[in-house]
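Structure, as structure tokens:
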Amino acid sequence: MKNLFITSTRHNEGKTVITLGLAAAFAKRVKGIGYIKPVGKGSVEFAGEKIDHDVALIKEACKIPAYVKDMGPVVYDGFPTSWTSQDGREAVLEKIKAGYAKVAAGKNLVIVEGTGNAAAGAGFGLSNAFMAKLLNAKVILVASGGVGQPTDEIILNKSYFERAGVEVLGVVINKAFPHEFDRIDKWMRRVLEMMSVKLLGVIPYEHDLARATLLNLFERFKGAVLNGQNQMSQPLGKVVLGAMSAGAALEQLAGVVTLICPVDREDILLAGLSAMYLSGRKDFTLASIVIAGKGKLSETLLRMIKRTTIPVLHVDPDAFTVVSEVHQSNFKILPEDLERIGKAVQLVQAHVDVDAALQSLRE
């Protein structure tokens, strides 16, 4: 069986969610699963090492028995200038080959996760297409929901892989809205069949997988958890910025709410807590609180918070910075996000033809 290389037509298509779900599904069908992300960002601390976030997630979620530095042998932070030289590139390749040899030992299938599209890294001679060829892997491409643009991107990426002598065995369409399902299935399946590529599945857009959690904000901003340590993985829900009068803030509290509030606006915090516990309102839930800015809460308010089960995070950046980050950033699933991990695995296994992918790998 050849190795399986999973990458996307562009960034932020949900490649890691697909990788996570497929790894869990393959583990039920194939004895001995390995994983490697040859090149990634040194974005998190894990087991004393600076590694790529995706490596930490797959290792923990799928219980893969390998050393993290072998699963993510090359990481970078900023522009990797040293890779532009022949010696630098050779050093990178040696790390990748050594890491792969260790994670592949005794395994029947190794999942290789790429970074970006087929050409990503080509400027250093380390494109995903080159990497798939180096590791003797067939490719699954992940593209976003839709018809026109995803089709063009799939054709471009497939062509680039084929130039490198790499077979694209199938495509997974991710983040598709329900009203697009029939159109995607009819159009995309026909187009891909003309290219001898299988449409392995169409996965619906899942809002809860896209929403940030307090764990994401803690990872991004650090800070201090003041309450509800065990509730940090819940989705944020509707975000309300507490930078108005208390009365105006109360009018914004509806549904499942995360209140992001400057540290010096205790009146807003009191209004939110009172509405949750004293007013008898049934139309909203104060799911979480982010206190923003340097400074301290009064001991009285802190005691009130600790009498609740609401998860509360205090971070140094101001409230506007935190709100902007929530709305603009693409937050990843963390190893501690057991609920989102379970949902991602369930989605992939329900909507992707895993057996067809395995059969194509064997051919």
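FYI, nothing fancy with the structure tokens labels: chains A, B, ... in order, residues from 1 per chain, ligands from 1 as they appear.
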If we count only C-alpha atoms, what is near A:Leu313 at a cut-off of 10 Å, once residues fewer than 3 positions away on the same chain are taken out, given as a PDB file with C-alpha atoms, in the first residue's frame?
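Written output follows (around.pdb):
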ATOM      1  CA  LEU A 214     -12.072  30.126  25.062  1.00  0.00           C
ATOM      2  CA  LEU A 215      -9.296  27.560  24.630  1.00  0.00           C
ATOM      3  CA  LEU A 217      -8.353  32.610  22.878  1.00  0.00           C
ATOM      4  CA  PHE A 218      -6.219  31.297  25.719  1.00  0.00           C
ATOM      5  CA  PHE A 221      -3.519  35.574  24.129  1.00  0.00           C
ATOM      6  CA  LYS A 222      -2.452  33.425  27.125  1.00  0.00           C
ATOM      7  CA  GLY A 223      -3.759  35.291  30.194  1.00  0.00           C
ATOM      8  CA  ALA A 224      -5.397  33.732  33.251  1.00  0.00           C
ATOM      9  CA  VAL A 225      -8.387  31.425  33.660  1.00  0.00           C
ATOM     10  CA  LEU A 226     -10.412  32.903  36.507  1.00  0.00           C
ATOM     11  CA  ASN A 227     -13.241  30.369  36.542  1.00  0.00           C
ATOM     12  CA  GLY A 228     -14.713  27.341  34.776  1.00  0.00           C
ATOM     13  CA  GLN A 229     -11.478  25.620  33.745  1.00  0.00           C
ATOM     14  CA  MET A 232     -13.194  26.225  28.184  1.00  0.00           C
ATOM     15  CA  ILE A 260     -16.011  40.455  26.017  1.00  0.00           C
ATOM     16  CA  SER A 288     -18.517  32.618  28.777  1.00  0.00           C
ATOM     17  CA  ILE A 289     -16.773  35.864  29.668  1.00  0.00           C
ATOM     18  CA  VAL A 290     -13.517  37.397  28.450  1.00  0.00           C
ATOM     19  CA  ILE A 291     -12.168  40.223  30.607  1.00  0.00           C
ATOM     20  CA  ALA A 292      -9.801  42.335  28.519  1.00  0.00           C
ATOM     21  CA  ILE A 310     -19.274  30.339  33.767  1.00  0.00           C
TER      22      ILE A 310
END
> So which residues of stretch 61-270 of chain A fall under helix (DSSP H, G or I) by DSSP, listed as JSON, numbers by chain?
Replying inline: {"A": [61, 62, 68, 69, 70, 71, 81, 82, 83, 84, 86, 87, 88, 89, 90, 91, 92, 93, 94, 95, 96, 97, 98, 99, 100, 101, 102, 103, 104, 122, 123, 124, 128, 129, 130, 131, 132, 133, 134, 148, 149, 150, 151, 152, 153, 154, 155, 156, 157, 158, 159, 160, 161, 162, 163, 178, 179, 180, 181, 182, 183, 184, 185, 186, 187, 188, 189, 190, 191, 192, 193, 194, 207, 208, 209, 210, 214, 215, 216, 217, 218, 219, 220, 221, 229, 230, 231, 246, 247, 248, 249, 250, 251, 252, 266, 267, 268, 269, 270]}
> With only C-alpha atoms as the basis for distance, which of A:Leu135, A:Val68, A:Ala254, A:Ile6 is at the shortest distance from A:Ala357?
Replying inline: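 Looking at the shortest contact to A:Ala357, the residue is A:Ile6.
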>> Rounded to one decimal, what separation in Å do you get between atom CA of A:Arg307 and atom CA of A:Tyr277?
In response: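 Computed distance, atom CA of A:Arg307 to atom CA of A:Tyr277, equals 11.0 Å.
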>> Ranking A:Ser127, A:Gln86, A:Gln346, A:Asn3 by minimum distance to A:Gly114 and counting only C-alpha atoms, which one comes first?
In response: A:Ser127
>> I'd like to know which residues of stretch 197-344 of chain A are strand (DSSP E or B) (by DSSP, run on the backbone); could you write them as a PyMOL selection string?
In response: chain A and resi 198-204+213+224-227+235+238-241+255-262+284-292+312-315
Got time to write the residues from that selection, C-alpha atoms, as a PDB file, in the first residue's frame?
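That gives us part34.pdb:
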ATOM      1  CA  LYS A 198     -13.072  10.104  -7.683  1.00  0.00           C
ATOM      2  CA  LEU A 199     -15.328  12.410  -5.713  1.00  0.00           C
ATOM      3  CA  LEU A 200     -14.848  10.782  -2.323  1.00  0.00           C
ATOM      4  CA  GLY A 201     -17.330  12.922  -0.442  1.00  0.00           C
ATOM      5  CA  VAL A 202     -19.067  16.225   0.161  1.00  0.00           C
ATOM      6  CA  ILE A 203     -18.977  17.470   3.756  1.00  0.00           C
ATOM      7  CA  PRO A 204     -21.522  20.017   4.986  1.00  0.00           C
ATOM      8  CA  THR A 213     -13.619  28.638  21.942  1.00  0.00           C
ATOM      9  CA  ALA A 224      -5.397  33.732  33.251  1.00  0.00           C
ATOM     10  CA  VAL A 225      -8.387  31.425  33.660  1.00  0.00           C
ATOM     11  CA  LEU A 226     -10.412  32.903  36.507  1.00  0.00           C
ATOM     12  CA  ASN A 227     -13.241  30.369  36.542  1.00  0.00           C
ATOM     13  CA  PRO A 235     -18.015  27.428  21.373  1.00  0.00           C
ATOM     14  CA  LYS A 238     -22.789  35.330  19.926  1.00  0.00           C
ATOM     15  CA  VAL A 239     -20.042  37.811  20.880  1.00  0.00           C
ATOM     16  CA  VAL A 240     -21.124  40.976  22.702  1.00  0.00           C
ATOM     17  CA  LEU A 241     -18.612  43.761  23.274  1.00  0.00           C
ATOM     18  CA  GLY A 255     -29.249  33.498  22.755  1.00  0.00           C
ATOM     19  CA  VAL A 256     -25.916  31.933  23.732  1.00  0.00           C
ATOM     20  CA  VAL A 257     -23.596  34.856  24.531  1.00  0.00           C
ATOM     21  CA  THR A 258     -19.910  35.436  25.156  1.00  0.00           C
ATOM     22  CA  LEU A 259     -19.346  38.792  26.828  1.00  0.00           C
ATOM     23  CA  ILE A 260     -16.011  40.455  26.017  1.00  0.00           C
ATOM     24  CA  CYS A 261     -15.627  43.280  28.477  1.00  0.00           C
ATOM     25  CA  PRO A 262     -12.921  45.815  29.440  1.00  0.00           C
ATOM     26  CA  PHE A 284     -30.302  33.951  26.796  1.00  0.00           C
ATOM     27  CA  THR A 285     -27.378  32.108  28.356  1.00  0.00           C
ATOM     28  CA  LEU A 286     -24.163  33.782  29.424  1.00  0.00           C
ATOM     29  CA  ALA A 287     -21.908  30.998  28.143  1.00  0.00           C
ATOM     30  CA  SER A 288     -18.517  32.618  28.777  1.00  0.00           C
ATOM     31  CA  ILE A 289     -16.773  35.864  29.668  1.00  0.00           C
ATOM     32  CA  VAL A 290     -13.517  37.397  28.450  1.00  0.00           C
ATOM     33  CA  ILE A 291     -12.168  40.223  30.607  1.00  0.00           C
ATOM     34  CA  ALA A 292      -9.801  42.335  28.519  1.00  0.00           C
ATOM     35  CA  VAL A 312     -13.969  33.322  32.541  1.00  0.00           C
ATOM     36  CA  LEU A 313     -10.680  34.282  30.885  1.00  0.00           C
ATOM     37  CA  HIS A 314      -8.660  37.429  31.635  1.00  0.00           C
ATOM     38  CA  VAL A 315      -6.252  38.593  28.890  1.00  0.00           C
TER      39      VAL A 315
END
>> Using only C-alpha atoms, can you tell me which of A:Ala66, A:Phe124, A:Val110, A:Pro317 comes closest to A:Asp87?
In response: A:Phe124
> atom CA of A:Ile154 and atom CA of A:Ala122 are how many Å apart?
Replying inline: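 Distance between the two atoms: 17.8 Å.
Using only C-alpha atoms, the smallest distance between any of A:Lys332, A:Lys15, A:Lys343, A:Lys69 and A:Arg220 comes from A:Lys332.
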> Which one of A:Glu336, A:Ala56, A:Leu109, A:Leu126 sits closest to A:Ile33 if you count only C-alpha atoms?
Replying inline: A:Leu109
> Of the candidates A:Asp353, A:Glu251, A:Glu90, A:Glu167, which one gets nearest to A:Ala275 if we count only C-alpha atoms?
Replying inline: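 Of A:Asp353, A:Glu251, A:Glu90, A:Glu167, the one nearest A:Ala275 is A:Glu251, counting only C-alpha atoms.
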>> Using only C-alpha atoms, which protein or nucleic acid residues come within 9 Å of A:Lys158? Drop anything in the same chain fewer than 4 positions from it, and give the result as a list in words.
In response: Ala118, Leu141, Glu153, Ile154, Glu162, Arg163, Val166, Glu167 and Val168 of chain A
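Interatomic distance, atom CA of A:Gly72 to atom CA of A:Val55: 6.2 Å.
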>> Give me the residues near A:Gly342 as JSON, numbers by chain, where near means some atom within 12 Å (using only C-alpha atoms) and where sequence neighbours in that chain fewer than 6 positions away do not count.
In response: {"A": [17, 20, 21, 24, 61, 62, 208, 209, 333, 334, 335, 336, 348, 349]}
N, CA and C atoms of the current selection, written as a short mmCIF file (atom, residue, chain, number, x, y, z; two decimals), in the first residue's frame:
data_model
loop_
_atom_site.label_atom_id
_atom_site.label_comp_id
_atom_site.auth_asym_id
_atom_site.auth_seq_id
_atom_site.Cartn_x
_atom_site.Cartn_y
_atom_site.Cartn_z
N VAL A 17 -9.07 19.00 9.46
CA VAL A 17 -10.29 18.30 9.89
C VAL A 17 -10.45 17.02 9.09
N LEU A 20 -7.82 14.50 10.18
CA LEU A 20 -8.21 13.93 11.48
C LEU A 20 -9.27 12.84 11.31
N GLY A 21 -10.32 13.17 10.55
CA GLY A 21 -11.39 12.21 10.36
C GLY A 21 -10.95 10.96 9.61
N ALA A 24 -8.73 8.66 11.81
CA ALA A 24 -9.54 7.88 12.74
C ALA A 24 -10.27 6.75 12.02
N ALA A 61 -5.28 13.16 19.34
CA ALA A 61 -6.64 12.71 19.02
C ALA A 61 -6.66 11.28 18.51
N CYS A 62 -5.64 10.89 17.75
CA CYS A 62 -5.61 9.56 17.15
C CYS A 62 -4.68 8.59 17.88
N ASP A 208 -20.25 24.95 14.26
CA ASP A 208 -19.56 24.77 15.53
C ASP A 208 -18.08 24.46 15.35
N LEU A 209 -17.69 23.86 14.22
CA LEU A 209 -16.28 23.60 13.98
C LEU A 209 -15.53 24.88 13.63
N ILE A 333 -8.78 23.49 15.67
CA ILE A 333 -9.21 22.60 16.73
C ILE A 333 -8.00 22.24 17.58
N LEU A 334 -8.15 22.32 18.89
CA LEU A 334 -7.05 22.02 19.80
C LEU A 334 -7.16 20.60 20.33
N PRO A 335 -6.05 19.99 20.76
CA PRO A 335 -6.11 18.62 21.29
C PRO A 335 -7.07 18.47 22.47
N GLU A 336 -7.31 19.57 23.21
CA GLU A 336 -8.22 19.51 24.35
C GLU A 336 -9.69 19.63 23.95
N VAL A 348 -16.64 13.49 8.94
CA VAL A 348 -15.84 12.89 7.86
C VAL A 348 -16.28 11.46 7.60
N GLN A 349 -16.46 10.69 8.65
CA GLN A 349 -16.81 9.29 8.48
C GLN A 349 -18.21 9.11 7.92
#
> Near stretch 294-301 of chain A, counting only C-alpha atoms, which residues have an atom at most 8 Å away, once you skip same-chain residues fewer than 2 positions from it, shown as a PyMOL selection string?
Replying inline: chain A and resi 263-264+266+270+292+303-305+315-318
Store the residues of this selection in a file with N, CA and C atoms, as an mmCIF file, in the first residue's frame.
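Produced file part.cif, reproduced below:
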data_model
loop_
_atom_site.group_PDB
_atom_site.id
_atom_site.type_symbol
_atom_site.label_atom_id
_atom_site.label_comp_id
_atom_site.auth_asym_id
_atom_site.auth_seq_id
_atom_site.Cartn_x
_atom_site.Cartn_y
_atom_site.Cartn_z
ATOM 1 N N VAL A 263 -11.689 45.460 31.488
ATOM 2 C CA VAL A 263 -11.544 45.156 32.908
ATOM 3 C C VAL A 263 -12.128 46.249 33.799
ATOM 4 N N ASP A 264 -12.214 47.489 33.298
ATOM 5 C CA ASP A 264 -12.729 48.587 34.116
ATOM 6 C C ASP A 264 -14.232 48.811 33.947
ATOM 7 N N GLU A 266 -16.892 47.028 35.232
ATOM 8 C CA GLU A 266 -17.535 46.063 36.115
ATOM 9 C C GLU A 266 -19.049 46.205 36.105
ATOM 10 N N LEU A 270 -21.536 43.061 35.981
ATOM 11 C CA LEU A 270 -22.616 42.897 36.967
ATOM 12 C C LEU A 270 -23.971 42.777 36.286
ATOM 13 N N ALA A 292 -10.915 41.875 29.346
ATOM 14 C CA ALA A 292 -9.801 42.335 28.519
ATOM 15 C C ALA A 292 -9.137 43.577 29.106
ATOM 16 N N ARG A 303 -15.343 37.198 43.601
ATOM 17 C CA ARG A 303 -16.048 36.200 44.410
ATOM 18 C C ARG A 303 -17.386 35.826 43.778
ATOM 19 N N MET A 304 -18.067 36.815 43.214
ATOM 20 C CA MET A 304 -19.343 36.531 42.545
ATOM 21 C C MET A 304 -19.142 35.585 41.359
ATOM 22 N N ILE A 305 -18.100 35.856 40.576
ATOM 23 C CA ILE A 305 -17.816 35.021 39.413
ATOM 24 C C ILE A 305 -17.534 33.584 39.830
ATOM 25 N N VAL A 315 -7.401 38.428 29.787
ATOM 26 C CA VAL A 315 -6.252 38.593 28.890
ATOM 27 C C VAL A 315 -5.792 40.048 28.898
ATOM 28 N N ASP A 316 -4.534 40.280 28.538
ATOM 29 C CA ASP A 316 -3.970 41.635 28.571
ATOM 30 C C ASP A 316 -4.433 42.563 27.448
ATOM 31 N N PRO A 317 -4.585 42.073 26.196
ATOM 32 C CA PRO A 317 -4.993 42.992 25.116
ATOM 33 C C PRO A 317 -6.359 43.611 25.397
ATOM 34 N N ASP A 318 -6.613 44.777 24.772
ATOM 35 C CA ASP A 318 -7.887 45.451 24.989
ATOM 36 C C ASP A 318 -9.033 44.708 24.325
#
> Using only C-alpha atoms, which residues sit within 12 Å of A:Gly123 once same-chain residues fewer than 5 positions away are excluded, as a PyMOL selection string?
Replying inline: chain A and resi 79-81+83-85+89+128+130
Kindly save the residues from that selection, with N, CA and C atoms included, as a PDB file, in the first residue's frame.
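After the write, part_2.pdb holds the following:
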ATOM      1  N   PHE A  79      10.115  33.738   7.646  1.00  0.00           N
ATOM      2  CA  PHE A  79      10.633  33.289   6.348  1.00  0.00           C
ATOM      3  C   PHE A  79      11.904  32.470   6.558  1.00  0.00           C
ATOM      4  N   PRO A  80      11.915  31.195   6.092  1.00  0.00           N
ATOM      5  CA  PRO A  80      13.082  30.328   6.316  1.00  0.00           C
ATOM      6  C   PRO A  80      14.202  30.611   5.318  1.00  0.00           C
ATOM      7  N   THR A  81      14.942  31.665   5.556  1.00  0.00           N
ATOM      8  CA  THR A  81      15.983  32.108   4.624  1.00  0.00           C
ATOM      9  C   THR A  81      16.996  31.011   4.316  1.00  0.00           C
ATOM     10  N   TRP A  83      16.699  27.990   3.805  1.00  0.00           N
ATOM     11  CA  TRP A  83      16.259  26.981   2.839  1.00  0.00           C
ATOM     12  C   TRP A  83      16.564  27.388   1.397  1.00  0.00           C
ATOM     13  N   THR A  84      16.889  28.638   1.175  1.00  0.00           N
ATOM     14  CA  THR A  84      17.153  29.102  -0.186  1.00  0.00           C
ATOM     15  C   THR A  84      18.512  28.616  -0.703  1.00  0.00           C
ATOM     16  N   SER A  85      19.375  28.143   0.185  1.00  0.00           N
ATOM     17  CA  SER A  85      20.677  27.624  -0.235  1.00  0.00           C
ATOM     18  C   SER A  85      20.573  26.115  -0.443  1.00  0.00           C
ATOM     19  N   ARG A  89      18.545  23.428   1.960  1.00  0.00           N
ATOM     20  CA  ARG A  89      17.502  22.530   1.436  1.00  0.00           C
ATOM     21  C   ARG A  89      17.853  21.086   1.731  1.00  0.00           C
ATOM     22  N   ASN A 128       4.586  20.695  -2.187  1.00  0.00           N
ATOM     23  CA  ASN A 128       3.813  19.530  -1.773  1.00  0.00           C
ATOM     24  C   ASN A 128       3.879  18.426  -2.822  1.00  0.00           C
ATOM     25  N   PHE A 130       6.415  17.814  -4.837  1.00  0.00           N
ATOM     26  CA  PHE A 130       7.733  17.193  -4.662  1.00  0.00           C
ATOM     27  C   PHE A 130       7.723  16.259  -3.457  1.00  0.00           C
TER      28      PHE A 130
END
